file my_file32.cif (mmCIF, C-alpha atoms)
data_start
#
loop_
_atom_site.group_PDB
_atom_site.id
_atom_site.type_symbol
_atom_site.label_atom_id
_atom_site.label_comp_id
_atom_site.auth_asym_id
_atom_site.auth_seq_id
_atom_site.Cartn_x
_atom_site.Cartn_y
_atom_site.Cartn_z
ATOM 1 C CA MET A 1 -26.774 54.743 60.510
ATOM 2 C CA ALA A 2 -23.584 54.194 58.563
ATOM 3 C CA THR A 3 -22.649 54.246 54.906
ATOM 4 C CA TRP A 4 -19.399 53.322 53.162
ATOM 5 C CA ARG A 5 -17.107 55.877 51.560
ATOM 6 C CA ARG A 6 -13.617 55.687 50.054
ATOM 7 C CA ASP A 7 -10.848 58.189 50.697
ATOM 8 C CA GLY A 8 -9.110 58.895 47.373
ATOM 9 C CA ARG A 9 -6.734 61.562 48.634
ATOM 10 C CA LEU A 10 -3.863 59.068 49.091
ATOM 11 C CA THR A 11 -2.529 56.296 46.893
ATOM 12 C CA GLY A 12 -2.237 52.722 48.106
ATOM 13 C CA SER A 13 1.513 52.985 48.701
ATOM 14 C CA GLN A 14 1.083 56.242 50.618
ATOM 15 C CA ARG A 15 -1.598 54.710 52.828
ATOM 16 C CA LEU A 16 0.663 51.705 53.432
ATOM 17 C CA LEU A 17 3.577 53.933 54.435
ATOM 18 C CA CYS A 18 1.492 56.178 56.704
ATOM 19 C CA ALA A 19 -0.285 53.293 58.392
ATOM 20 C CA GLY A 20 2.914 51.349 58.922
ATOM 21 C CA LEU A 21 4.772 54.314 60.380
ATOM 22 C CA ALA A 22 1.862 55.315 62.617
ATOM 23 C CA GLY A 23 1.356 51.798 63.935
ATOM 24 C CA THR A 24 5.056 51.163 64.521
ATOM 25 C CA LEU A 25 5.533 54.530 66.204
ATOM 26 C CA SER A 26 2.556 54.163 68.547
ATOM 27 C CA LEU A 27 3.553 50.649 69.617
ATOM 28 C CA SER A 28 7.217 51.603 70.053
ATOM 29 C CA LEU A 29 6.410 54.659 72.178
ATOM 30 C CA THR A 30 4.172 52.670 74.521
ATOM 31 C CA ALA A 31 6.320 49.496 74.605
ATOM 32 C CA PRO A 32 7.882 50.240 78.043
ATOM 33 C CA LEU A 33 4.407 50.693 79.564
ATOM 34 C CA GLU A 34 3.249 47.474 77.919
ATOM 35 C CA LEU A 35 6.283 45.680 79.362
ATOM 36 C CA ALA A 36 5.551 46.998 82.871
ATOM 37 C CA THR A 37 1.925 45.896 82.545
ATOM 38 C CA VAL A 38 2.779 42.361 81.440
ATOM 39 C CA LEU A 39 5.381 41.943 84.188
ATOM 40 C CA ALA A 40 2.844 43.076 86.781
ATOM 41 C CA GLN A 41 0.190 40.736 85.380
ATOM 42 C CA VAL A 42 2.356 37.634 85.483
ATOM 43 C CA GLY A 43 3.706 38.415 88.956
ATOM 44 C CA VAL A 44 7.303 39.239 88.030
ATOM 45 C CA VAL A 45 7.141 42.710 89.589
ATOM 46 C CA ARG A 46 7.722 42.149 93.295
ATOM 47 C CA GLY A 47 9.213 43.903 96.271
ATOM 48 C CA ARG A 48 9.884 47.607 95.887
ATOM 49 C CA ALA A 49 9.360 47.727 92.102
ATOM 50 C CA ARG A 50 5.859 49.171 92.237
ATOM 51 C CA GLY A 51 4.244 51.061 89.402
ATOM 52 C CA PRO A 52 5.424 51.485 85.813
ATOM 53 C CA TRP A 53 8.451 53.604 86.728
ATOM 54 C CA GLY A 54 9.649 51.167 89.366
ATOM 55 C CA ALA A 55 9.219 48.176 87.075
ATOM 56 C CA GLY A 56 10.930 49.927 84.168
ATOM 57 C CA LEU A 57 13.826 51.038 86.332
ATOM 58 C CA ARG A 58 14.224 47.502 87.683
ATOM 59 C CA VAL A 59 14.410 46.056 84.160
ATOM 60 C CA TRP A 60 16.763 48.832 83.020
ATOM 61 C CA ARG A 61 19.218 48.140 85.842
ATOM 62 C CA ALA A 62 19.074 44.357 85.519
ATOM 63 C CA GLU A 63 19.102 43.947 81.722
ATOM 64 C CA GLY A 64 19.929 47.309 80.172
ATOM 65 C CA PRO A 65 17.842 49.963 78.364
ATOM 66 C CA ARG A 66 17.117 47.740 75.324
ATOM 67 C CA ALA A 67 15.162 45.417 77.593
ATOM 68 C CA LEU A 68 12.384 48.017 77.875
ATOM 69 C CA TRP A 69 11.443 47.179 74.283
ATOM 70 C CA LYS A 70 11.398 43.388 74.661
ATOM 71 C CA GLY A 71 8.669 41.917 72.463
ATOM 72 C CA ASN A 72 8.082 45.153 70.566
ATOM 73 C CA ALA A 73 9.353 43.658 67.297
ATOM 74 C CA VAL A 74 6.641 40.992 67.487
ATOM 75 C CA SER A 75 3.982 43.636 68.104
ATOM 76 C CA CYS A 76 5.088 45.652 65.083
ATOM 77 C CA LEU A 77 5.357 42.622 62.795
ATOM 78 C CA ARG A 78 1.920 41.304 63.703
ATOM 79 C CA LEU A 79 0.282 44.602 62.727
ATOM 80 C CA PHE A 80 0.180 43.681 59.048
ATOM 81 C CA PRO A 81 -1.446 40.212 59.258
ATOM 82 C CA CYS A 82 -3.649 41.285 62.165
ATOM 83 C CA SER A 83 -4.930 44.358 60.336
ATOM 84 C CA ALA A 84 -5.508 42.416 57.112
ATOM 85 C CA VAL A 85 -7.522 39.691 58.860
ATOM 86 C CA GLN A 86 -9.435 42.193 60.987
ATOM 87 C CA LEU A 87 -10.367 44.365 58.033
ATOM 88 C CA ALA A 88 -11.512 41.400 55.926
ATOM 89 C CA ALA A 89 -13.577 40.020 58.816
ATOM 90 C CA TYR A 90 -15.014 43.459 59.595
ATOM 91 C CA ARG A 91 -16.228 43.949 56.043
ATOM 92 C CA LYS A 92 -17.854 40.498 56.087
ATOM 93 C CA PHE A 93 -19.628 41.206 59.368
ATOM 94 C CA VAL A 94 -20.769 44.646 58.166
ATOM 95 C CA VAL A 95 -22.320 43.074 55.079
ATOM 96 C CA LEU A 96 -23.960 40.483 57.312
ATOM 97 C CA PHE A 97 -25.408 43.115 59.677
ATOM 98 C CA THR A 98 -26.450 45.617 56.974
ATOM 99 C CA ASP A 99 -30.184 45.902 56.342
ATOM 100 C CA ASP A 100 -31.945 45.785 52.961
ATOM 101 C CA LEU A 101 -31.489 49.545 52.472
ATOM 102 C CA GLY A 102 -27.720 49.333 52.858
ATOM 103 C CA HIS A 103 -27.598 50.919 56.323
ATOM 104 C CA ILE A 104 -26.129 49.620 59.555
ATOM 105 C CA SER A 105 -26.875 50.861 63.052
ATOM 106 C CA GLN A 106 -24.106 52.011 65.360
ATOM 107 C CA TRP A 107 -24.419 49.154 67.836
ATOM 108 C CA ARG A 108 -24.251 46.631 64.983
ATOM 109 C CA SER A 109 -21.152 48.365 63.642
ATOM 110 C CA ILE A 110 -19.540 48.133 67.089
ATOM 111 C CA MET A 111 -20.504 44.472 67.262
ATOM 112 C CA ALA A 112 -18.995 43.877 63.820
ATOM 113 C CA GLY A 113 -15.770 45.537 64.929
ATOM 114 C CA SER A 114 -15.650 43.464 68.119
ATOM 115 C CA LEU A 115 -16.212 40.196 66.262
ATOM 116 C CA ALA A 116 -13.606 41.148 63.664
ATOM 117 C CA GLY A 117 -11.103 41.914 66.414
ATOM 118 C CA MET A 118 -11.845 38.556 68.008
ATOM 119 C CA VAL A 119 -11.223 36.728 64.726
ATOM 120 C CA SER A 120 -7.938 38.520 64.026
ATOM 121 C CA THR A 121 -6.733 37.957 67.587
ATOM 122 C CA ILE A 122 -7.412 34.230 67.392
ATOM 123 C CA VAL A 123 -5.672 33.912 64.017
ATOM 124 C CA THR A 124 -2.553 35.783 65.191
ATOM 125 C CA TYR A 125 -2.661 34.546 68.803
ATOM 126 C CA PRO A 126 0.666 32.627 68.673
ATOM 127 C CA THR A 127 2.507 35.911 68.122
ATOM 128 C CA ASP A 128 0.877 37.362 71.241
ATOM 129 C CA LEU A 129 2.002 34.361 73.290
ATOM 130 C CA ILE A 130 5.533 34.675 71.910
ATOM 131 C CA LYS A 131 5.548 38.369 72.813
ATOM 132 C CA THR A 132 4.675 37.515 76.411
ATOM 133 C CA ARG A 133 7.441 34.894 76.571
ATOM 134 C CA LEU A 134 9.998 37.370 75.190
ATOM 135 C CA ILE A 135 8.955 40.058 77.679
ATOM 136 C CA VAL A 136 9.155 37.775 80.695
ATOM 137 C CA GLN A 137 12.528 36.204 79.885
ATOM 138 C CA ASN A 138 15.853 37.699 80.948
ATOM 139 C CA MET A 139 17.715 39.168 77.984
ATOM 140 C CA LEU A 140 21.065 38.305 79.567
ATOM 141 C CA GLU A 141 20.111 34.618 79.829
ATOM 142 C CA PRO A 142 17.448 34.217 77.127
ATOM 143 C CA SER A 143 15.439 31.065 76.609
ATOM 144 C CA TYR A 144 14.418 32.275 73.139
ATOM 145 C CA ARG A 145 16.847 33.951 70.747
ATOM 146 C CA GLY A 146 14.146 35.486 68.575
ATOM 147 C CA ILE A 147 10.666 35.142 67.157
ATOM 148 C CA LEU A 148 11.328 32.105 64.949
ATOM 149 C CA HIS A 149 13.395 30.393 67.621
ATOM 150 C CA ALA A 150 10.638 30.953 70.178
ATOM 151 C CA PHE A 151 8.006 29.548 67.811
ATOM 152 C CA SER A 152 10.016 26.421 67.005
ATOM 153 C CA THR A 153 11.055 25.857 70.641
ATOM 154 C CA ILE A 154 7.501 26.116 71.971
ATOM 155 C CA TYR A 155 6.217 23.857 69.179
ATOM 156 C CA GLN A 156 8.878 21.184 69.774
ATOM 157 C CA GLN A 157 8.887 21.212 73.570
ATOM 158 C CA GLU A 158 5.248 21.916 74.416
ATOM 159 C CA GLY A 159 3.277 21.053 71.282
ATOM 160 C CA PHE A 160 1.190 23.018 68.805
ATOM 161 C CA LEU A 161 -1.690 23.645 71.221
ATOM 162 C CA ALA A 162 0.695 25.430 73.576
ATOM 163 C CA LEU A 163 0.801 28.285 71.065
ATOM 164 C CA TYR A 164 -2.915 28.854 71.777
ATOM 165 C CA ARG A 165 -2.800 28.517 75.551
ATOM 166 C CA GLY A 166 -5.152 31.111 77.023
ATOM 167 C CA VAL A 167 -6.993 31.885 73.772
ATOM 168 C CA SER A 168 -10.319 31.106 75.468
ATOM 169 C CA LEU A 169 -9.785 34.161 77.689
ATOM 170 C CA THR A 170 -9.640 36.290 74.555
ATOM 171 C CA ILE A 171 -13.110 35.124 73.587
ATOM 172 C CA LEU A 172 -14.502 35.617 77.094
ATOM 173 C CA GLY A 173 -12.888 39.044 77.402
ATOM 174 C CA ALA A 174 -14.503 40.204 74.152
ATOM 175 C CA LEU A 175 -17.931 40.229 75.836
ATOM 176 C CA PRO A 176 -17.241 42.982 78.414
ATOM 177 C CA PHE A 177 -15.067 44.741 75.834
ATOM 178 C CA SER A 178 -18.015 44.998 73.417
ATOM 179 C CA ALA A 179 -20.428 45.926 76.196
ATOM 180 C CA GLY A 180 -18.158 48.731 77.366
ATOM 181 C CA SER A 181 -17.761 50.118 73.845
ATOM 182 C CA LEU A 182 -21.504 50.127 73.311
ATOM 183 C CA LEU A 183 -22.135 51.737 76.696
ATOM 184 C CA VAL A 184 -19.755 54.615 75.987
ATOM 185 C CA TYR A 185 -20.751 55.336 72.412
ATOM 186 C CA MET A 186 -24.464 55.267 73.192
ATOM 187 C CA ASN A 187 -23.972 58.061 75.729
ATOM 188 C CA LEU A 188 -21.649 60.327 73.743
ATOM 189 C CA GLU A 189 -24.406 62.781 72.838
ATOM 190 C CA LYS A 190 -25.297 63.141 76.514
ATOM 191 C CA ILE A 191 -21.659 63.644 77.468
ATOM 192 C CA TRP A 192 -20.987 66.367 74.885
ATOM 193 C CA ASN A 193 -24.565 67.668 74.710
ATOM 194 C CA GLY A 194 -24.591 67.563 70.918
ATOM 195 C CA PRO A 195 -25.000 65.266 67.884
ATOM 196 C CA ARG A 196 -22.197 62.859 66.941
ATOM 197 C CA ASP A 197 -21.816 64.187 63.396
ATOM 198 C CA ARG A 198 -20.707 67.564 64.796
ATOM 199 C CA PHE A 199 -17.958 66.297 67.084
ATOM 200 C CA SER A 200 -14.588 67.972 66.604
ATOM 201 C CA LEU A 201 -11.333 66.085 66.124
ATOM 202 C CA LEU A 202 -10.422 66.645 69.763
ATOM 203 C CA GLN A 203 -13.817 65.352 70.900
ATOM 204 C CA ASN A 204 -13.469 62.221 68.779
ATOM 205 C CA PHE A 205 -10.000 61.661 70.238
ATOM 206 C CA ALA A 206 -11.408 62.000 73.756
ATOM 207 C CA ASN A 207 -14.206 59.587 72.851
ATOM 208 C CA VAL A 208 -11.713 56.927 71.782
ATOM 209 C CA CYS A 209 -9.687 57.422 74.983
ATOM 210 C CA LEU A 210 -12.788 57.183 77.165
ATOM 211 C CA ALA A 211 -14.050 54.063 75.402
ATOM 212 C CA ALA A 212 -10.613 52.457 75.628
ATOM 213 C CA ALA A 213 -10.336 53.193 79.361
ATOM 214 C CA VAL A 214 -13.768 51.698 80.097
ATOM 215 C CA THR A 215 -13.315 48.602 77.924
ATOM 216 C CA GLN A 216 -9.780 47.989 79.172
ATOM 217 C CA THR A 217 -10.972 48.114 82.791
ATOM 218 C CA LEU A 218 -13.843 45.702 82.173
ATOM 219 C CA SER A 219 -11.788 43.160 80.222
ATOM 220 C CA PHE A 220 -8.543 43.472 82.191
ATOM 221 C CA PRO A 221 -9.100 40.496 84.561
ATOM 222 C CA PHE A 222 -9.451 38.210 81.542
ATOM 223 C CA ASP A 223 -6.236 39.609 80.085
ATOM 224 C CA THR A 224 -4.416 39.058 83.384
ATOM 225 C CA VAL A 225 -5.382 35.385 83.535
ATOM 226 C CA LYS A 226 -4.486 35.000 79.862
ATOM 227 C CA ARG A 227 -0.986 36.362 80.472
ATOM 228 C CA LYS A 228 -0.457 33.929 83.330
ATOM 229 C CA MET A 229 -1.581 31.033 81.143
ATOM 230 C CA GLN A 230 0.853 32.085 78.417
ATOM 231 C CA LEU A 231 3.857 31.520 80.657
ATOM 232 C CA PRO A 232 5.952 28.370 80.064
ATOM 233 C CA LEU A 233 4.992 25.429 82.220
ATOM 234 C CA PRO A 234 7.579 23.631 84.359
ATOM 235 C CA VAL A 235 9.011 20.520 82.746
ATOM 236 C CA THR A 236 7.241 18.295 85.277
ATOM 237 C CA SER A 237 3.892 19.955 84.477
ATOM 238 C CA ARG A 238 3.965 19.515 80.693
ATOM 239 C CA ARG A 239 1.291 16.889 80.481
ATOM 240 C CA PRO A 240 -2.235 16.865 79.038
ATOM 241 C CA PRO A 241 -4.660 18.835 81.268
ATOM 242 C CA GLN A 242 -6.900 16.756 83.490
ATOM 243 C CA ARG A 243 -10.594 17.249 83.943
ATOM 244 C CA GLY A 244 -11.329 20.490 85.735
ATOM 245 C CA GLN A 245 -7.962 22.035 84.854
ATOM 246 C CA GLY A 246 -9.160 24.288 82.055
ATOM 247 C CA THR A 247 -9.723 28.023 81.925
ATOM 248 C CA LEU A 248 -12.362 28.220 84.672
ATOM 249 C CA ALA A 249 -10.249 26.115 87.012
ATOM 250 C CA PHE A 250 -7.273 28.371 86.370
ATOM 251 C CA ILE A 251 -9.316 31.494 87.144
ATOM 252 C CA ALA A 252 -10.582 30.068 90.424
ATOM 253 C CA CYS A 253 -7.324 28.391 91.491
ATOM 254 C CA PRO A 254 -5.693 29.373 94.822
ATOM 255 C CA TYR A 255 -2.828 30.969 92.916
ATOM 256 C CA PHE A 256 -4.764 34.219 92.856
ATOM 257 C CA SER A 257 -6.427 34.111 96.268
ATOM 258 C CA GLU A 258 -3.421 32.972 98.310
ATOM 259 C CA THR A 259 -0.372 34.162 96.408
ATOM 260 C CA ASP A 260 -1.442 37.367 94.723
ATOM 261 C CA GLY A 261 -4.333 38.486 96.906
ATOM 262 C CA LYS A 262 -7.985 39.137 96.178
ATOM 263 C CA ASN A 263 -7.374 42.218 94.042
ATOM 264 C CA GLN A 264 -4.643 40.757 91.838
ATOM 265 C CA ASN A 265 -6.854 40.000 88.874
ATOM 266 C CA LYS A 266 -6.085 43.597 87.941
ATOM 267 C CA PRO A 267 -2.362 44.027 88.670
ATOM 268 C CA GLY A 268 -0.776 46.593 86.406
ATOM 269 C CA ILE A 269 -4.081 48.095 85.295
ATOM 270 C CA ILE A 270 -2.790 51.604 86.040
ATOM 271 C CA ASN A 271 0.227 50.869 83.825
ATOM 272 C CA SER A 272 -2.052 49.592 81.101
ATOM 273 C CA LYS A 273 -4.086 52.779 81.089
ATOM 274 C CA GLY A 274 -0.923 54.679 80.278
ATOM 275 C CA PRO A 275 -0.864 53.618 76.602
ATOM 276 C CA VAL A 276 -4.630 53.939 76.263
ATOM 277 C CA VAL A 277 -4.462 57.588 75.189
ATOM 278 C CA PRO A 278 -2.012 57.255 72.281
ATOM 279 C CA ASP A 279 -2.607 53.598 71.550
ATOM 280 C CA SER A 280 -5.990 52.441 72.937
ATOM 281 C CA PRO A 281 -5.552 49.599 74.021
ATOM 282 C CA ALA A 282 -2.448 48.461 72.153
ATOM 283 C CA GLU A 283 -2.579 46.419 68.974
ATOM 284 C CA LYS A 284 -6.341 45.906 68.537
ATOM 285 C CA VAL A 285 -7.235 49.504 67.779
ATOM 286 C CA THR A 286 -3.924 50.169 66.026
ATOM 287 C CA ALA A 287 -4.332 47.190 63.710
ATOM 288 C CA PHE A 288 -7.922 48.056 62.874
ATOM 289 C CA GLU A 289 -7.170 51.689 62.072
ATOM 290 C CA MET A 290 -4.183 50.530 60.054
ATOM 291 C CA GLY A 291 -6.435 48.242 58.038
ATOM 292 C CA ARG A 292 -8.870 51.068 57.358
ATOM 293 C CA CYS A 293 -5.997 53.267 56.197
ATOM 294 C CA LEU A 294 -4.681 50.552 53.891
ATOM 295 C CA SER A 295 -8.036 50.064 52.241
ATOM 296 C CA GLY A 296 -8.997 53.734 52.265
ATOM 297 C CA ILE A 297 -12.521 52.949 53.435
ATOM 298 C CA GLY A 298 -14.432 53.312 56.642
ATOM 299 C CA PRO A 299 -17.900 53.776 58.069
ATOM 300 C CA ALA A 300 -19.279 57.273 58.289
ATOM 301 C CA PHE A 301 -22.154 57.647 60.750
ATOM 302 C CA SER A 302 -24.955 59.957 59.873
#

call {"tool": "encode", "arguments": {"input": "my_file32.cif", "output": "structure tokens"}}
result
Amino acid sequence: MATWRRDGRLTGSQRLLCAGLAGTLSLSLTAPLELATVLAQVGVVRGRARGPWGAGLRVWRAEGPRALWKGNAVSCLRLFPCSAVQLAAYRKFVVLFTDDLGHISQWRSIMAGSLAGMVSTIVTYPTDLIKTRLIVQNMLEPSYRGILHAFSTIYQQEGFLALYRGVSLTILGALPFSAGSLLVYMNLEKIWNGPRDRFSLLQNFANVCLAAAVTQTLSFPFDTVKRKMQLPLPVTSRRPPQRGQGTLAFIACPYFSETDGKNQNKPGIINSKGPVVPDSPAEKVTAFEMGRCLSGIGPAFS
């Protein structure tokens, strides 16, 4: 079961500073791995540029060292609204799932966190699409000069709905993500041969890494298709989608089976597991922990 407690050791401004620095640092340190993952997912990494080092070296030589952090500014900026929305939604879902005695089971708490992450991702989804566009473009010949320019250009040229292209994959990917989290956390006592309330800091860190690796693997195909859908369409293809050209048609289209091969729904998954340990997996966990730090509250399982 879980109860709510408030941490009064830090003031609000101190929590804001610590959370902001921690989130910015974790995203900045793992930005090159995130870039290599996105490039592999969308099919930009070809030829001899295999693996995160090969992809990073290719970008470094072609565009310079600053290109390894393309899109990182968007990731850092979206931490604040994403964490605020996720925390507010999480508290609402916890209240909804809490029983009459004020307790909430662990699987309901995980479900509340998954639903809250889904809500925050949908609300801030345009920033994720813009991040993908900034990563894919060439810095020497940019199509977008910044975040605001990218937002206005996409809105004017492709329409408002283009900012949410691929959002359905986020909803579909939340199902295996939640299932993987529940599977891992329900077996922690068996893994460590002890009760959860006696786990050390190192054990809890390992638990987060293990859960992130499992959930990232299960939901990665959905993320790959989402990244491909976020790419700009050719000018001749910017028309309303016809019947049968939605998300399911995109997943099953020959683009994967003929061009990328049967295993290419998970390109770059090894790169993606790189930032799992310090950042599991990227902005979702970072934003949620940042929100908990800002509020000074969090569930304590007993």

call {"tool": "closest_atom_pairs", "arguments": {"input": "my_file32.cif", "of": "range 14-114 of chain A", "to": "range 139-160 of chain A", "cutoff": "8 Å", "atoms": "all atoms listed in the file", "output": "tab-separated table"}}
result
residue	atom	partner	partner_atom	distance
A:Glu63	CA	A:Met139	CA	6.2
A:Ala67	CA	A:Met139	CA	6.8
A:Val74	CA	A:Ile147	CA	7.1

call {"tool": "closest_residue", "arguments": {"input": "my_file32.cif", "among": "A:Gly71, A:Gly113, A:Gly102, A:Gly173", "to": "Val85 in chain A", "atoms": "only C-alpha atoms"}}
result
A:Gly113

call {"tool": "atom_distance", "arguments": {"input": "my_file32.cif", "atom1": "CA of Gly180 in chain A", "atom2": "CA of Thr215 in chain A"}}
result
4.9 Å

call {"tool": "closest_residue", "arguments": {"input": "my_file32.cif", "among": "A:Gly23, A:Pro195, A:Gly56, A:Gly43", "to": "Ala73 in chain A", "atoms": "only C-alpha atoms"}}
result
A:Gly23

call {"tool": "closest_residue", "arguments": {"input": "my_file32.cif", "among": "A:Val136, A:Val42, A:Tyr185, A:Val214", "to": "Trp107 in chain A", "atoms": "only C-alpha atoms"}}
result
A:Tyr185

call {"tool": "closest_residue", "arguments": {"input": "my_file32.cif", "among": "A:Thr30, A:Thr132, A:Ser200, A:Ser83", "to": "Lys228 in chain A", "atoms": "only C-alpha atoms"}}
result
A:Thr132

call {"tool": "atom_distance", "arguments": {"input": "my_file32.cif", "atom1": "CA of Arg133 in chain A", "atom2": "CA of Ala89 in chain A"}}
result
28.0 Å

call {"tool": "atom_distance", "arguments": {"input": "my_file32.cif", "atom1": "CA of Leu115 in chain A", "atom2": "CA of Lys70 in chain A"}}
result
29.0 Å

call {"tool": "resolve_selection", "arguments": {"input": "my_file32.cif", "expression": "the PyMOL selection byres ((chain A and resi 94-99) around 10)", "output": "ChimeraX atom specification"}}
result
/A:1-3,89-93,100-105,108-113,116,299

call {"tool": "write_last_selection", "arguments": {"input": "my_file32.cif", "atoms": "C-alpha atoms", "output": "tab-separated table (two decimals), keeping the file's coordinate frame"}}
result
chain	number	residue	atom	x	y	z
A	1	MET	CA	-26.77	54.74	60.51
A	2	ALA	CA	-23.58	54.19	58.56
A	3	THR	CA	-22.65	54.25	54.91
A	89	ALA	CA	-13.58	40.02	58.82
A	90	TYR	CA	-15.01	43.46	59.60
A	91	ARG	CA	-16.23	43.95	56.04
A	92	LYS	CA	-17.85	40.50	56.09
A	93	PHE	CA	-19.63	41.21	59.37
A	100	ASP	CA	-31.94	45.78	52.96
A	101	LEU	CA	-31.49	49.54	52.47
A	102	GLY	CA	-27.72	49.33	52.86
A	103	HIS	CA	-27.60	50.92	56.32
A	104	ILE	CA	-26.13	49.62	59.56
A	105	SER	CA	-26.88	50.86	63.05
A	108	ARG	CA	-24.25	46.63	64.98
A	109	SER	CA	-21.15	48.36	63.64
A	110	ILE	CA	-19.54	48.13	67.09
A	111	MET	CA	-20.50	44.47	67.26
A	112	ALA	CA	-19.00	43.88	63.82
A	113	GLY	CA	-15.77	45.54	64.93
A	116	ALA	CA	-13.61	41.15	63.66
A	299	PRO	CA	-17.90	53.78	58.07

call {"tool": "residues_near_point", "arguments": {"input": "my_file32.cif", "point": "(-14.0, 40.9, 75.0)", "cutoff": "10 Å", "atoms": "all atoms listed in the file", "output": "ChimeraX atom specification"}}
result
/A:114-115,117-118,169-180,215-216,218-220,222-223

call {"tool": "residues_around", "arguments": {"input": "my_file32.cif", "residues": "Cys76 in chain A", "least_positions_apart": "2", "cutoff": "10 Å", "atoms": "all atoms listed in the file", "output": "PyMOL selection string"}}
result
chain A and resi 20-21+23-28+71-74+78-80+283+287

call {"tool": "closest_residue", "arguments": {"input": "my_file32.cif", "among": "A:Gly194, A:Gln86, A:Gln230, A:Leu183", "to": "Leu161 in chain A", "atoms": "all atoms listed in the file"}}
result
A:Gln230

call {"tool": "closest_residue", "arguments": {"input": "my_file32.cif", "among": "A:Ile122, A:Val38, A:Gln106, A:Arg165", "to": "Pro81 in chain A", "atoms": "only C-alpha atoms"}}
result
A:Ile122
